[in-house]
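Accompanying notes for the structure given below.
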Amino acid sequence: MHFAEHGAGVPVLALHGWTPDHRLMLGCLEPLFETRPGYRRLYPDLPAMGKSPADGVASSDDVLAAVEELVDAEIGDEPFLLVGESYGGYLYRALAHRRPHQVHGLALICPTGTKVRAADRTVPLFEVRRSDGAELDPALTAQCDGMAVARIEVRRELPAGPERGTYERPALFLTGRQDNITGYEDVYALLSHYPYASFVVLDTAGHDLQIEQPVLFNALMGDWLDRVAQ
């Protein structure tokens with residue numbers, strides 16, 4: 001898997017969502033870590049997305065296996081932190097429960113909740129509360145292998161599900177009140193599995209909460225890092 005790396009110290013593995021690439025996470029997290037030394041940030045591209053080839057990956061189980069291979073190769077047995085956005089948050093819920101003694105903190109940004117299929121989710125109607133009028137460069141949208149992504153989509157749900165009992169480390173669930181992609185109600189239903197989690201619903205925030213509410217994002221992520229360190 002292709003990945004970018006910054007800094008040194010406690011490993012932080014940051015995973016983007018469905019079809020973007022690592023730049024989504026790098027863009028929102030590097031400003032936070034500029035004032036917090038002591039962390040080694042790893043930003044991978046998921047298989048079939050960004051610069052990571054599909055390599056025969058055909059399901060979320062395969063994608064998660066590729067992420068675990070990266071952990072074994074780059075982090076080994078060392079404790080580390082997870083930050084996952086959207087689909088990346090879905091995968092990281094599973095990884096945290098698979099490695100509860102190694103994953104010392106879990107932060108999820110607009111994660112997929114109890115409903116994996118988009119048609120089954122409880123989400124608000126699309127609404128623009130605030131707009132900066134900016135438009136994305138079309139060249140930046142060409143970030144994935146469409147055929148491989150379609151293949152994974154058929155088997156997007158992890159057969160065993162992400163959760164295995166409770167994850168007893170500091171966690172953070174950041175959701176947007178106007179997120180019409182993953183919503184917040186299906187995420188709230190997960191909290192019984194995370195007894196040390198903060199759950200936040202931010203108004204004037206959609207599925208790009210980290211971009212739309214940067215000040216609150218940095219404050220809440222900072223609180224999570226403090227809780228992990230304690």
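The way I read the labels, and the way they are meant: chains A, B, ... in the order of the structure tokens, residue 1 as the first residue of every chain, and ligand 1 as the first ligand shown, with later ones counted on from there.
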
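Using only C-alpha atoms, the residues found no farther than 12 Å from Leu216 in chain A, other than those of its own chain fewer than 3 positions away, are Cys28, Leu32, Leu174, Thr175, Gly176, Val200, Val201, Leu202, Asp203, Thr204, Ala205, Leu209, Gln210, Ile211, Glu212, Gln213, Ala219, Leu220, Met221, Gly222 and Asp223 of chain A.
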
Residues near range 115-118 of chain A, cut-off 9 Å, only C-alpha atoms, skip fewer than 5 positions along chain, as number ranges by chain
A: 87, 90, 156-157, 181-182, 186-187

Using N, CA and C atoms, can you export the residues from the last selection as a PDB file, in the first residue's frame?
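out11.pdb, freshly written:
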ATOM      1  N   TYR A  87     -15.802   5.275   5.652  1.00  0.00           N
ATOM      2  CA  TYR A  87     -15.530   3.845   5.471  1.00  0.00           C
ATOM      3  C   TYR A  87     -14.268   3.428   6.220  1.00  0.00           C
ATOM      4  N   TYR A  90     -15.209   2.548   9.607  1.00  0.00           N
ATOM      5  CA  TYR A  90     -15.836   1.212   9.664  1.00  0.00           C
ATOM      6  C   TYR A  90     -14.755   0.137   9.800  1.00  0.00           C
ATOM      7  N   ARG A 156     -19.022  -5.263   0.631  1.00  0.00           N
ATOM      8  CA  ARG A 156     -18.546  -4.154   1.473  1.00  0.00           C
ATOM      9  C   ARG A 156     -18.735  -4.431   2.960  1.00  0.00           C
ATOM     10  N   GLU A 157     -19.718  -5.212   3.315  1.00  0.00           N
ATOM     11  CA  GLU A 157     -19.981  -5.483   4.731  1.00  0.00           C
ATOM     12  C   GLU A 157     -19.065  -6.586   5.240  1.00  0.00           C
ATOM     13  N   ILE A 181     -24.723  11.376   4.347  1.00  0.00           N
ATOM     14  CA  ILE A 181     -24.060  10.175   3.838  1.00  0.00           C
ATOM     15  C   ILE A 181     -24.074   9.059   4.880  1.00  0.00           C
ATOM     16  N   THR A 182     -23.533   9.321   6.067  1.00  0.00           N
ATOM     17  CA  THR A 182     -23.544   8.315   7.139  1.00  0.00           C
ATOM     18  C   THR A 182     -24.446   8.712   8.305  1.00  0.00           C
ATOM     19  N   ASP A 186     -27.288   6.251  13.436  1.00  0.00           N
ATOM     20  CA  ASP A 186     -26.775   4.880  13.358  1.00  0.00           C
ATOM     21  C   ASP A 186     -25.411   4.750  14.036  1.00  0.00           C
ATOM     22  N   VAL A 187     -24.702   5.867  14.153  1.00  0.00           N
ATOM     23  CA  VAL A 187     -23.410   5.858  14.853  1.00  0.00           C
ATOM     24  C   VAL A 187     -23.638   5.834  16.362  1.00  0.00           C
TER      25      VAL A 187
END

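Between Ala148 in chain A and the residues A:Pro11, A:Pro47, A:Gly84, A:Gly113, the shortest atom-to-atom distance, using only C-alpha atoms, involves A:Pro47.
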
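For His101 in chain A, the residues within 12 Å (counting only C-alpha atoms, excluding itself and residues fewer than 2 positions away along the chain) are A:Asp77, A:Glu78, A:Pro79, A:Phe80, A:Leu81, A:Leu95, A:Ala96, A:His97, A:Arg98, A:Arg99, A:Val103, A:His104, A:Gly105, A:Tyr167, A:Glu168, A:Arg169.
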
Got a sec to tell me which of range 50-79 of chain A DSSP assigns to alpha helix (DSSP H), as a PyMOL selection string?
chain A and resi 60-74

Taking 3 positions as the minimum chain separation for residues in the same chain, which residues sit within 12 Å of Pro170 in chain A when counting only C-alpha atoms? Answer as a PyMOL selection string.
chain A and resi 81-82+96+100+103-108+166-167+173+193-199+221+223-230
